[in-house]
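Text of the file model24.cif, holding mmCIF, C-alpha atoms and all ligand atoms:
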```
data_run
#
loop_
_atom_site.label_atom_id
_atom_site.label_comp_id
_atom_site.auth_asym_id
_atom_site.auth_seq_id
_atom_site.Cartn_x
_atom_site.Cartn_y
_atom_site.Cartn_z
CA MET A 1 6.24 -21.79 14.02
CA ARG A 2 4.54 -18.43 14.00
CA VAL A 3 1.93 -18.43 11.24
CA ASP A 4 0.01 -15.66 9.52
CA TYR A 5 -1.97 -16.86 6.53
CA HIS A 6 -4.16 -13.80 5.95
CA CYS A 7 -3.05 -10.21 5.41
CA HIS A 8 -3.27 -7.38 2.89
CA SER A 9 -0.85 -5.10 1.07
CA THR A 10 -1.21 -2.14 -1.30
CA ALA A 11 -1.91 -4.74 -3.99
CA SER A 12 -5.46 -4.55 -2.56
CA ASP A 13 -6.69 -2.51 0.42
CA GLY A 14 -3.70 -2.81 2.75
CA ALA A 15 -1.78 0.30 3.77
CA LEU A 16 1.73 -1.19 3.51
CA THR A 17 3.53 -2.20 0.34
CA PRO A 18 4.33 -5.92 0.05
CA GLU A 19 7.94 -5.13 1.03
CA GLN A 20 6.89 -3.13 4.09
CA LEU A 21 4.38 -5.79 5.08
CA VAL A 22 6.91 -8.63 4.90
CA THR A 23 9.46 -6.56 6.82
CA ARG A 24 6.91 -5.93 9.56
CA ALA A 25 5.89 -9.61 9.63
CA VAL A 26 9.52 -10.69 9.97
CA ARG A 27 10.13 -8.15 12.73
CA ASN A 28 7.08 -9.56 14.54
CA GLY A 29 8.59 -13.04 14.45
CA THR A 30 6.57 -14.62 11.63
CA THR A 31 8.03 -17.86 10.29
CA ASP A 32 5.22 -18.72 7.83
CA LEU A 33 3.48 -15.97 5.91
CA ALA A 34 0.80 -15.85 3.22
CA LEU A 35 -0.18 -12.64 1.47
CA THR A 36 -3.89 -12.76 0.60
CA ASP A 37 -4.92 -9.62 -1.24
CA HIS A 38 -8.55 -9.25 -2.37
CA ASP A 39 -8.94 -10.69 -5.89
CA GLN A 40 -5.32 -9.77 -6.70
CA LEU A 41 -2.07 -11.66 -7.19
CA SER A 42 0.14 -8.71 -8.10
CA GLY A 43 1.87 -8.39 -4.71
CA LEU A 44 2.92 -12.02 -4.47
CA MET A 45 6.14 -12.07 -6.51
CA ILE A 46 7.74 -9.24 -4.61
CA ALA A 47 6.44 -10.48 -1.24
CA ARG A 48 7.86 -13.94 -1.92
CA ALA A 49 11.24 -12.47 -2.87
CA CYS A 50 11.34 -10.39 0.34
CA ALA A 51 10.28 -13.36 2.47
CA GLN A 52 12.93 -15.58 0.90
CA GLN A 53 15.58 -12.96 1.49
CA ALA A 54 14.54 -12.76 5.15
CA GLY A 55 14.59 -16.57 5.44
CA ILE A 56 10.94 -17.18 6.25
CA ARG A 57 8.50 -19.54 4.51
CA PHE A 58 6.06 -17.88 2.12
CA VAL A 59 2.74 -19.15 0.79
CA ASP A 60 1.07 -17.63 -2.26
CA GLY A 61 -2.48 -16.65 -1.36
CA VAL A 62 -5.52 -14.68 -2.43
CA GLU A 63 -8.82 -13.68 -0.80
CA VAL A 64 -11.62 -14.17 -3.29
CA SER A 65 -14.75 -12.02 -2.91
CA CYS A 66 -17.92 -14.10 -3.25
CA SER A 67 -21.65 -13.57 -3.05
CA TRP A 68 -23.75 -16.12 -1.23
CA ARG A 69 -27.48 -15.54 -0.74
CA GLY A 70 -27.00 -11.81 -1.11
CA MET A 71 -24.18 -11.69 1.39
CA SER A 72 -20.46 -11.08 0.79
CA VAL A 73 -18.43 -14.12 1.78
CA HIS A 74 -14.66 -14.38 1.47
CA ILE A 75 -12.77 -17.51 0.46
CA VAL A 76 -9.00 -17.53 0.96
CA GLY A 77 -7.00 -19.63 -1.47
CA LEU A 78 -3.62 -20.80 -0.15
CA ASN A 79 -0.68 -22.40 -1.92
CA ILE A 80 -2.03 -21.41 -5.32
CA ASP A 81 -0.17 -21.43 -8.62
CA ILE A 82 -0.03 -17.73 -9.45
CA GLU A 83 0.39 -18.44 -13.17
CA ASN A 84 -2.79 -20.51 -13.45
CA ALA A 85 -4.81 -19.02 -16.32
CA PRO A 86 -8.34 -19.88 -15.11
CA LEU A 87 -7.55 -18.42 -11.67
CA ILE A 88 -6.16 -15.24 -13.21
CA ALA A 89 -9.17 -14.89 -15.53
CA GLY A 90 -11.62 -15.52 -12.69
CA LEU A 91 -10.01 -12.95 -10.44
CA GLN A 92 -10.12 -10.45 -13.30
CA THR A 93 -13.89 -10.74 -13.49
CA ASN A 94 -14.13 -9.88 -9.78
CA ALA A 95 -11.64 -7.03 -10.19
CA GLY A 96 -13.56 -5.64 -13.18
CA GLY A 97 -16.71 -5.62 -11.05
CA ARG A 98 -14.82 -3.64 -8.40
CA ALA A 99 -14.05 -0.90 -10.91
CA LYS A 100 -17.71 -0.60 -11.96
CA ARG A 101 -18.96 -0.66 -8.37
CA ALA A 102 -16.49 2.08 -7.42
CA VAL A 103 -18.06 4.50 -9.91
CA VAL A 104 -21.53 3.95 -8.44
CA MET A 105 -20.22 4.08 -4.87
CA ALA A 106 -18.46 7.38 -5.56
CA GLN A 107 -21.72 8.89 -6.84
CA ALA A 108 -23.54 7.74 -3.71
CA LEU A 109 -20.85 9.24 -1.49
CA GLU A 110 -20.82 12.53 -3.41
CA GLU A 111 -24.51 12.78 -2.48
CA VAL A 112 -23.61 12.71 1.20
CA GLY A 113 -20.96 15.37 0.75
CA VAL A 114 -17.76 13.52 -0.11
CA LYS A 115 -16.12 15.69 -2.76
CA ASN A 116 -14.16 14.11 -5.64
CA ALA A 117 -14.76 10.72 -4.03
CA LEU A 118 -13.63 8.61 -6.98
CA GLU A 119 -10.52 10.60 -7.79
CA ARG A 120 -9.37 10.62 -4.18
CA ALA A 121 -10.15 6.96 -3.46
CA LEU A 122 -8.32 6.12 -6.67
CA ALA A 123 -5.27 7.99 -5.42
CA GLU A 124 -5.43 5.88 -2.23
CA ALA A 125 -5.47 2.78 -4.45
CA GLY A 126 -2.40 3.82 -6.43
CA GLY A 127 -4.50 4.71 -9.47
CA ARG A 128 -5.85 1.19 -9.95
CA MET A 129 -9.62 1.10 -10.56
CA ASP A 130 -9.62 -2.70 -10.44
CA LEU A 131 -8.50 -2.87 -6.84
CA LEU A 132 -10.69 -0.11 -5.39
CA ALA A 133 -12.21 -1.35 -2.15
CA ARG A 134 -14.58 0.21 0.33
CA THR A 135 -11.52 0.65 2.54
CA HIS A 136 -10.02 3.21 0.13
CA PHE A 137 -13.19 5.31 0.25
CA ALA A 138 -13.22 4.95 4.04
CA ARG A 139 -9.67 6.35 4.30
CA VAL A 140 -10.69 9.38 2.24
CA MET A 141 -13.64 9.94 4.54
CA VAL A 142 -11.51 9.71 7.67
CA ALA A 143 -9.28 12.41 6.13
CA ASP A 144 -12.48 14.47 5.60
CA LYS A 145 -13.39 13.90 9.28
CA LYS A 146 -16.66 12.24 8.25
CA ALA A 147 -15.88 9.76 11.02
CA GLU A 148 -13.02 9.19 13.45
CA SER A 149 -11.81 5.88 12.02
CA VAL A 150 -12.15 3.52 9.09
CA ARG A 151 -14.26 1.29 11.30
CA HIS A 152 -16.68 4.15 12.05
CA VAL A 153 -16.95 5.09 8.37
CA PHE A 154 -18.02 1.52 7.67
CA GLN A 155 -20.63 1.59 10.43
CA ASN A 156 -22.13 4.88 9.29
CA TYR A 157 -21.77 4.81 5.51
CA LEU A 158 -20.50 1.67 3.84
CA VAL A 159 -22.58 -1.25 5.08
CA GLU A 160 -26.02 -2.41 4.00
CA GLY A 161 -28.72 0.15 4.79
CA LYS A 162 -26.27 3.08 4.84
CA PRO A 163 -25.97 5.78 2.16
CA GLY A 164 -22.68 4.72 0.59
CA PHE A 165 -23.48 1.01 0.31
CA VAL A 166 -23.76 -0.41 -3.19
CA PRO A 167 -25.00 -3.98 -3.52
CA HIS A 168 -22.68 -6.01 -5.69
CA GLU A 169 -22.59 -9.47 -7.22
CA TRP A 170 -19.20 -11.15 -6.80
CA ALA A 171 -18.22 -14.66 -7.88
CA SER A 172 -20.21 -17.60 -6.53
CA ILE A 173 -18.47 -19.75 -3.95
CA GLU A 174 -18.61 -22.56 -6.50
CA GLN A 175 -16.63 -20.43 -8.97
CA ALA A 176 -14.13 -19.39 -6.31
CA LEU A 177 -13.47 -22.98 -5.26
CA THR A 178 -13.14 -24.08 -8.87
CA TRP A 179 -10.52 -21.38 -9.53
CA ILE A 180 -8.58 -22.14 -6.35
CA HIS A 181 -8.61 -25.89 -6.92
CA ASP A 182 -7.69 -25.48 -10.58
CA ALA A 183 -4.63 -23.55 -9.39
CA GLY A 184 -3.70 -26.40 -7.03
CA GLY A 185 -4.64 -24.41 -3.93
CA VAL A 186 -6.47 -25.09 -0.70
CA ALA A 187 -9.73 -23.21 -0.09
CA VAL A 188 -10.29 -21.70 3.34
CA LEU A 189 -13.57 -20.14 4.47
CA ALA A 190 -12.37 -16.77 5.78
CA HIS A 191 -13.54 -15.30 9.12
CA PRO A 192 -16.79 -17.32 9.30
CA GLY A 193 -17.84 -15.47 12.45
CA ARG A 194 -18.11 -12.18 10.59
CA TYR A 195 -21.04 -12.97 8.34
CA PRO A 196 -24.42 -11.56 9.36
CA HIS A 197 -26.53 -14.72 9.48
CA ASP A 198 -27.85 -17.20 12.03
CA GLU A 199 -26.42 -20.60 12.96
CA ALA A 200 -28.75 -22.52 10.65
CA SER A 201 -27.72 -20.41 7.66
CA GLU A 202 -24.08 -20.75 8.66
CA ARG A 203 -24.39 -24.52 8.76
CA GLU A 204 -25.76 -24.42 5.21
CA LEU A 205 -22.89 -22.21 4.04
CA VAL A 206 -20.31 -24.52 5.61
CA ALA A 207 -22.03 -27.62 4.21
CA GLU A 208 -22.08 -26.09 0.73
CA PHE A 209 -18.41 -25.10 1.06
CA ILE A 210 -17.43 -28.64 2.10
CA GLY A 211 -19.61 -30.11 -0.67
CA LEU A 212 -17.62 -28.08 -3.19
CA GLY A 213 -14.32 -29.41 -1.84
CA GLY A 214 -13.55 -26.75 0.78
CA GLN A 215 -11.20 -28.23 3.37
CA ALA A 216 -10.44 -25.55 5.96
CA ILE A 217 -11.92 -22.67 7.91
CA GLU A 218 -10.26 -19.73 9.59
CA VAL A 219 -10.42 -20.29 13.32
CA ILE A 220 -8.13 -17.56 14.58
CA THR A 221 -8.50 -14.16 12.90
CA GLY A 222 -8.61 -10.57 14.08
CA ALA A 223 -12.35 -10.69 13.35
CA HIS A 224 -13.15 -13.40 15.93
CA SER A 225 -13.83 -12.99 19.65
CA LYS A 226 -12.45 -15.57 22.11
CA LYS A 227 -15.89 -17.14 22.22
CA GLN A 228 -16.03 -17.40 18.43
CA ILE A 229 -12.58 -18.98 18.36
CA ARG A 230 -13.79 -21.69 20.77
CA TYR A 231 -16.87 -22.20 18.60
CA TYR A 232 -14.87 -22.67 15.39
CA VAL A 233 -12.32 -24.92 17.12
CA GLN A 234 -15.24 -27.19 17.92
CA MET A 235 -16.59 -26.91 14.38
CA CYS A 236 -13.25 -28.11 13.00
CA VAL A 237 -13.33 -31.09 15.32
CA ASP A 238 -16.97 -31.94 14.59
CA LEU A 239 -16.69 -31.61 10.81
CA ASN A 240 -13.11 -32.85 10.47
CA LEU A 241 -12.01 -29.57 8.89
CA HIS A 242 -8.47 -28.24 8.78
CA ALA A 243 -7.87 -24.95 10.58
CA SER A 244 -6.20 -21.76 9.40
CA SER A 245 -5.08 -18.67 11.27
CA GLY A 246 -4.29 -15.16 10.10
CA SER A 247 -4.37 -11.59 11.30
CA ASP A 248 -6.33 -10.02 8.40
CA PHE A 249 -3.95 -7.11 8.97
CA HIS A 250 -4.61 -4.06 6.77
CA GLY A 251 -2.56 -1.35 8.44
CA VAL A 252 -1.35 0.12 11.69
CA GLY A 253 -4.31 1.52 13.64
CA GLU A 254 -6.82 -0.17 11.32
CA SER A 255 -6.60 -3.79 12.41
CA LYS A 256 -7.15 -5.62 15.68
CA MET A 257 -4.27 -8.03 15.11
CA ASP A 258 -0.82 -7.03 13.90
CA VAL A 259 0.72 -9.02 11.06
CA GLY A 260 2.42 -12.10 12.49
CA ARG A 261 0.99 -11.53 15.97
CA VAL A 262 -1.47 -14.38 15.63
CA PRO A 263 -1.95 -16.84 18.52
CA ASN A 264 -1.18 -20.48 17.74
CA LEU A 265 -3.98 -22.91 16.98
CA PRO A 266 -4.87 -25.47 19.67
CA GLU A 267 -2.77 -28.62 19.25
CA LYS A 268 -5.77 -30.86 18.68
CA LEU A 269 -6.58 -29.14 15.37
CA GLN A 270 -5.16 -30.09 11.98
CA PRO A 271 -3.34 -27.01 10.69
CA VAL A 272 -4.07 -26.08 7.09
CA TYR A 273 -0.43 -26.34 5.95
CA GLN A 274 -0.66 -30.13 6.40
CA LEU A 275 -2.69 -30.06 3.20
CA TRP A 276 0.32 -29.02 1.10
CA ALA A 277 3.35 -29.91 3.24
P1 LIG A 301 -14.90 -4.59 -0.46
O1 LIG A 301 -14.24 -5.90 -0.81
O2 LIG A 301 -14.39 -3.45 -1.27
O3 LIG A 301 -16.37 -4.67 -0.40
O4 LIG A 301 -14.41 -4.22 0.99
C1 LIG A 301 -14.33 -5.20 1.96
C2 LIG A 301 -13.23 -4.78 2.91
O5 LIG A 301 -13.69 -3.72 3.72
C3 LIG A 301 -12.85 -5.87 3.88
O6 LIG A 301 -11.87 -6.69 3.34
C4 LIG A 301 -12.32 -5.09 5.03
O7 LIG A 301 -10.99 -4.71 4.76
C5 LIG A 301 -13.14 -3.86 5.02
N1 LIG A 301 -14.27 -3.91 5.96
C6 LIG A 301 -15.45 -4.52 5.81
N2 LIG A 301 -16.24 -4.30 6.86
C7 LIG A 301 -15.54 -3.51 7.71
C8 LIG A 301 -15.80 -2.92 8.98
N3 LIG A 301 -16.98 -3.09 9.59
N4 LIG A 301 -14.83 -2.16 9.53
C9 LIG A 301 -13.65 -1.96 8.91
N5 LIG A 301 -13.35 -2.50 7.72
C10 LIG A 301 -14.28 -3.26 7.13
MN MN A 302 -9.90 -5.71 3.12
MN MN A 303 -12.25 -10.76 4.34
MN MN A 304 -8.91 -10.05 4.47
#
```

Serialized structure, C-alpha cells:
Amino acid sequence: MRVDYHCHSTASDGALTPEQLVTRAVRNGTTDLALTDHDQLSGLMIARACAQQAGIRFVDGVEVSCSWRGMSVHIVGLNIDIENAPLIAGLQTNAGGRAKRAVVMAQALEEVGVKNALERALAEAGGRMDLLARTHFARVMVADKKAESVRHVFQNYLVEGKPGFVPHEWASIEQALTWIHDAGGVAVLAHPGRYPHDEASERELVAEFIGLGGQAIEVITGAHSKKQIRYYVQMCVDLNLHASSGSDFHGVGESKMDVGRVPNLPEKLQPVYQLWA
C-alpha cells in the first residue's frame, strides 16, 4: 500500500485540478488516496471517478477549518458520505465565512500595496468567493514579487501579527466532529505539530478531540519534522489513537511532500483505514 490521505485540488487552494491531482498521485505510485479540500466537497466526485478509472482505492475526505482558543486547527474527515445534509450545511457556514474574510483581507492587502487584491485572488480561485484561501492571495503576491515564494508571503504578510492577517472564527471542533460523525466519517486531527502552542495546551486539545469522539491523528505529514513524527508515533501508542498519513500537497514547488510520496507508518501503529475497512 502507498497511502496519501491528505491533499488539495482546485476545489480549495490546491494548484492542480482533481483530475491532474489524481493523475499525479497514480504516477507517483499511490494505491490509496483521499482528497481533502478545505471545507469543500466539490472535487470528490470527479476525483473518485478518475481514481476508479486508474484502479486505485479512493476515500472521500474533507479538511474542516476550526477555531480552538483563538487558533486555527484543522480536522480531516475521512470516509464521509458526501451527500450528508448536515455535513454539507456545516461546511457551507465555513465557506460563507471565507467569502466575508476575503473581502476584509483584500482591503488589508491593498493597504500594503497589493493592487486589485480581491479580483486577482478570486481569479486564482476560479471565481469562487466561498473557497478563497490565504494561499490564493499569496500566489497573487508572489506574482507581484512581494516575496519569493508562497511560504515567504505567509511569513511576512498572512500570519498573526502581520499586515494581511485577518482573525477569523471558524467552526468549533465540536461542530466539526459532529458533522463528520453524522456523515459516517472518521475524524483525524490534522498536522498536530503545526499549531503554535505548548505541550500542555496540545494535551488539552488532544484530550478534547478524543472526548468528542476523535479517533486518529496525522503522524506523517509534510508539516512534520522527523522528530515530530517520532513524537506523534509515541502519542498514538500512549493514547491508543489510530494514525493517518498524508502529504498535504498543494502544488509543485509549494509543498514539502509530493502527492503519494508519503513514507509508510511504523508497523506498530494502527492505520486509520482500519476504522472503515
Ligand atoms: P486559510 O484556510 O485560508 O486560512 O489558509 C490556510 C492555508 O494556508 C493552509 O491550508 C495552507 O495551505 C496555507 N498555509 C498556512 N500557513 C502557511 C505557511 N506558513 N506557509 C505556506 N502555506 C501556509
Ligand atoms: Mn491549504
Ligand atoms: Mn491544514
Ligand atoms: Mn491541508

Which polymer residues have any atom within 6 Å of an atom of region 65-80 of chain A, counting all atoms listed in the file, with same-chain residues fewer than 5 positions away left out, as a PyMOL selection string?
-> chain A and resi 59-60+169-173+180+183-190

Selection to disk with C-alpha atoms, as an mmCIF file, in the frame of the given file:
```
data_model
loop_
_atom_site.group_PDB
_atom_site.id
_atom_site.type_symbol
_atom_site.label_atom_id
_atom_site.label_comp_id
_atom_site.auth_asym_id
_atom_site.auth_seq_id
_atom_site.Cartn_x
_atom_site.Cartn_y
_atom_site.Cartn_z
ATOM 1 C CA VAL A 59 2.740 -19.150 0.790
ATOM 2 C CA ASP A 60 1.070 -17.630 -2.260
ATOM 3 C CA GLU A 169 -22.590 -9.470 -7.220
ATOM 4 C CA TRP A 170 -19.200 -11.150 -6.800
ATOM 5 C CA ALA A 171 -18.220 -14.660 -7.880
ATOM 6 C CA SER A 172 -20.210 -17.600 -6.530
ATOM 7 C CA ILE A 173 -18.470 -19.750 -3.950
ATOM 8 C CA ILE A 180 -8.580 -22.140 -6.350
ATOM 9 C CA ALA A 183 -4.630 -23.550 -9.390
ATOM 10 C CA GLY A 184 -3.700 -26.400 -7.030
ATOM 11 C CA GLY A 185 -4.640 -24.410 -3.930
ATOM 12 C CA VAL A 186 -6.470 -25.090 -0.700
ATOM 13 C CA ALA A 187 -9.730 -23.210 -0.090
ATOM 14 C CA VAL A 188 -10.290 -21.700 3.340
ATOM 15 C CA LEU A 189 -13.570 -20.140 4.470
ATOM 16 C CA ALA A 190 -12.370 -16.770 5.780
#
```

Nearest to ligand MN 304 (chain A) among A:Val259, A:Ala123, A:Val22, A:Val112, with distances taken over only C-alpha atoms and all ligand atoms: which residue is it?
-> A:Val259

Ligand MN 302 (chain A) neighbours within 8 Å using only C-alpha atoms and all ligand atoms, as a PyMOL selection string | chain A and resi 8+12-14+37-38+133+135+248+250

Expected file contents, prior selection, C-alpha atoms, as a short mmCIF file (atom, residue, chain, number, x, y, z; two decimals), keeping the file's coordinate frame:
```cif
data_model
loop_
_atom_site.label_atom_id
_atom_site.label_comp_id
_atom_site.auth_asym_id
_atom_site.auth_seq_id
_atom_site.Cartn_x
_atom_site.Cartn_y
_atom_site.Cartn_z
CA HIS A 8 -3.27 -7.38 2.89
CA SER A 12 -5.46 -4.55 -2.56
CA ASP A 13 -6.69 -2.51 0.42
CA GLY A 14 -3.70 -2.81 2.75
CA ASP A 37 -4.92 -9.62 -1.24
CA HIS A 38 -8.55 -9.25 -2.37
CA ALA A 133 -12.21 -1.35 -2.15
CA THR A 135 -11.52 0.65 2.54
CA ASP A 248 -6.33 -10.02 8.40
CA HIS A 250 -4.61 -4.06 6.77
#
```

Within 9 Å of Pro263 (chain A) using all atoms listed in the file, minus same-chain residues under 4 positions, as a list in words = Arg2, Val3, Ile220, Ser245 and Gly246 of chain A

A straight line from CA of Glu111 (chain A) to CA of His152 (chain A) spans 18.6 Å

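The residue set within 10 Å of Asn156 (chain A), counting only C-alpha atoms and dropping same-chain residues fewer than 6 places from it, reads Lys146, Ala147, Lys162, Pro163, Gly164 and Phe165 of chain A.
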
Those residues with C-alpha atoms, as a compact mmCIF listing (two decimals), in the frame of the given file please?
```
# COMPACT_ATOMS: atom_id res chain seq x y z
CA LYS A 146 -16.66 12.24 8.25
CA ALA A 147 -15.88 9.76 11.02
CA LYS A 162 -26.27 3.08 4.84
CA PRO A 163 -25.97 5.78 2.16
CA GLY A 164 -22.68 4.72 0.59
CA PHE A 165 -23.48 1.01 0.31
```

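Computed from the coordinates, the CA of Arg194 (chain A) to CA of Ile82 (chain A) distance equals 27.6 Å.
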
Which residue of A:Val262, A:Met1, A:Leu132, A:Leu87 approaches Ile56 (chain A) most closely, using all atoms listed in the file = A:Met1

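Each of A:Val26, A:Ala223, A:Leu275, A:Leu239 was checked against ligand MN 303 (chain A) using only C-alpha atoms and all ligand atoms; the smallest atom-to-atom distance is that of A:Ala223.
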
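Of the residues under consideration (A:Gln40, A:Gln274, A:Thr31, A:Asn240), A:Gln40 shows the shortest atom-to-atom contact distance to ligand LIG 301 (chain A) when counting only C-alpha atoms and all ligand atoms.
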
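When all atoms listed in the file are used to compute distances to Gly213 (chain A), the closest of the residues A:Ile46, A:Gln234, A:Glu199, A:Trp179 turns out to be A:Trp179.
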
The residue from A:Lys226, A:Arg134, A:Arg203, A:Arg261 with the smallest atom-to-atom distance to Gln155 (chain A), counting only C-alpha atoms, is A:Arg134

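Going from CA of Ala11 (chain A) to CA of Thr221 (chain A) covers 20.4 Å.
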
Might I get the box with edges along x, y and z of the file that holds all atoms of ligand LIG 301 (chain A) listed there, padded by 8 Å on every side, given as centre and edge lengths in Å to one decimal, as AutoDock Vina command-line options?
```
--center_x -14.0 --center_y -4.3 --center_z 4.2 --size_x 22.0 --size_y 20.7 --size_z 26.9
```

Residues within 10 Å of (-19.1, 3.2, -8.7), file coordinates, counting only C-alpha atoms: what are they? Give the list as a short mmCIF file (atom, residue, chain, number, x, y, z; two decimals) with C-alpha atoms, keeping the file's coordinate frame.
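Okay, this is what ended up in selection-v1.cif:
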```
data_model
loop_
_atom_site.label_atom_id
_atom_site.label_comp_id
_atom_site.auth_asym_id
_atom_site.auth_seq_id
_atom_site.Cartn_x
_atom_site.Cartn_y
_atom_site.Cartn_z
CA GLY A 97 -16.71 -5.62 -11.05
CA ARG A 98 -14.82 -3.64 -8.40
CA ALA A 99 -14.05 -0.90 -10.91
CA LYS A 100 -17.71 -0.60 -11.96
CA ARG A 101 -18.96 -0.66 -8.37
CA ALA A 102 -16.49 2.08 -7.42
CA VAL A 103 -18.06 4.50 -9.91
CA VAL A 104 -21.53 3.95 -8.44
CA MET A 105 -20.22 4.08 -4.87
CA ALA A 106 -18.46 7.38 -5.56
CA GLN A 107 -21.72 8.89 -6.84
CA ALA A 108 -23.54 7.74 -3.71
CA LEU A 109 -20.85 9.24 -1.49
CA ALA A 117 -14.76 10.72 -4.03
CA LEU A 118 -13.63 8.61 -6.98
CA MET A 129 -9.62 1.10 -10.56
CA LEU A 132 -10.69 -0.11 -5.39
CA VAL A 166 -23.76 -0.41 -3.19
#
```

Please fill the gaps in region 26-44 of chain A so it has N, CA and C atoms, and write that as a JSON list (two decimals), keeping the file's coordinate frame.
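Done, and the output landed in result21.json:
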```json
[["chain", "number", "residue", "atom", "x", "y", "z"],
["A", 26, "VAL", "N", 8.25, -10.08, 9.53],
["A", 26, "VAL", "CA", 9.52, -10.69, 9.97],
["A", 26, "VAL", "C", 9.91, -10.10, 11.33],
["A", 27, "ARG", "N", 9.79, -8.80, 11.46],
["A", 27, "ARG", "CA", 10.13, -8.15, 12.73],
["A", 27, "ARG", "C", 9.23, -8.67, 13.86],
["A", 28, "ASN", "N", 8.00, -9.03, 13.53],
["A", 28, "ASN", "CA", 7.08, -9.56, 14.54],
["A", 28, "ASN", "C", 7.26, -11.05, 14.78],
["A", 29, "GLY", "N", 8.26, -11.65, 14.15],
["A", 29, "GLY", "CA", 8.59, -13.04, 14.45],
["A", 29, "GLY", "C", 7.91, -14.08, 13.59],
["A", 30, "THR", "N", 7.26, -13.66, 12.51],
["A", 30, "THR", "CA", 6.57, -14.62, 11.63],
["A", 30, "THR", "C", 7.56, -15.60, 11.01],
["A", 31, "THR", "N", 7.20, -16.86, 10.98],
["A", 31, "THR", "CA", 8.03, -17.86, 10.29],
["A", 31, "THR", "C", 7.34, -18.35, 9.01],
["A", 32, "ASP", "N", 6.00, -18.21, 8.95],
["A", 32, "ASP", "CA", 5.22, -18.72, 7.83],
["A", 32, "ASP", "C", 4.18, -17.68, 7.47],
["A", 33, "LEU", "N", 4.33, -17.10, 6.29],
["A", 33, "LEU", "CA", 3.48, -15.97, 5.91],
["A", 33, "LEU", "C", 2.79, -16.25, 4.58],
["A", 34, "ALA", "N", 1.51, -15.90, 4.52],
["A", 34, "ALA", "CA", 0.80, -15.85, 3.22],
["A", 34, "ALA", "C", 0.28, -14.45, 3.02],
["A", 35, "LEU", "N", 0.46, -13.90, 1.84],
["A", 35, "LEU", "CA", -0.18, -12.64, 1.47],
["A", 35, "LEU", "C", -1.46, -13.00, 0.74],
["A", 36, "THR", "N", -2.58, -12.38, 1.16],
["A", 36, "THR", "CA", -3.89, -12.76, 0.60],
["A", 36, "THR", "C", -4.68, -11.52, 0.20],
["A", 37, "ASP", "N", -4.21, -10.83, -0.82],
["A", 37, "ASP", "CA", -4.92, -9.62, -1.24],
["A", 37, "ASP", "C", -6.26, -9.98, -1.90],
["A", 38, "HIS", "N", -7.20, -9.04, -1.81],
["A", 38, "HIS", "CA", -8.55, -9.25, -2.37],
["A", 38, "HIS", "C", -8.48, -9.34, -3.89],
["A", 39, "ASP", "N", -8.78, -10.50, -4.44],
["A", 39, "ASP", "CA", -8.94, -10.69, -5.89],
["A", 39, "ASP", "C", -7.69, -10.28, -6.69],
["A", 40, "GLN", "N", -6.54, -10.26, -6.05],
["A", 40, "GLN", "CA", -5.32, -9.77, -6.70],
["A", 40, "GLN", "C", -4.12, -10.66, -6.37],
["A", 41, "LEU", "N", -3.30, -10.87, -7.38],
["A", 41, "LEU", "CA", -2.07, -11.66, -7.19],
["A", 41, "LEU", "C", -0.83, -10.79, -7.34],
["A", 42, "SER", "N", -1.00, -9.52, -7.63],
["A", 42, "SER", "CA", 0.14, -8.71, -8.10],
["A", 42, "SER", "C", 1.19, -8.43, -7.03],
["A", 43, "GLY", "N", 0.86, -8.63, -5.75],
["A", 43, "GLY", "CA", 1.87, -8.39, -4.71],
["A", 43, "GLY", "C", 2.72, -9.61, -4.39],
["A", 44, "LEU", "N", 2.35, -10.76, -4.96],
["A", 44, "LEU", "CA", 2.92, -12.02, -4.47],
["A", 44, "LEU", "C", 4.39, -12.22, -4.85]]
```
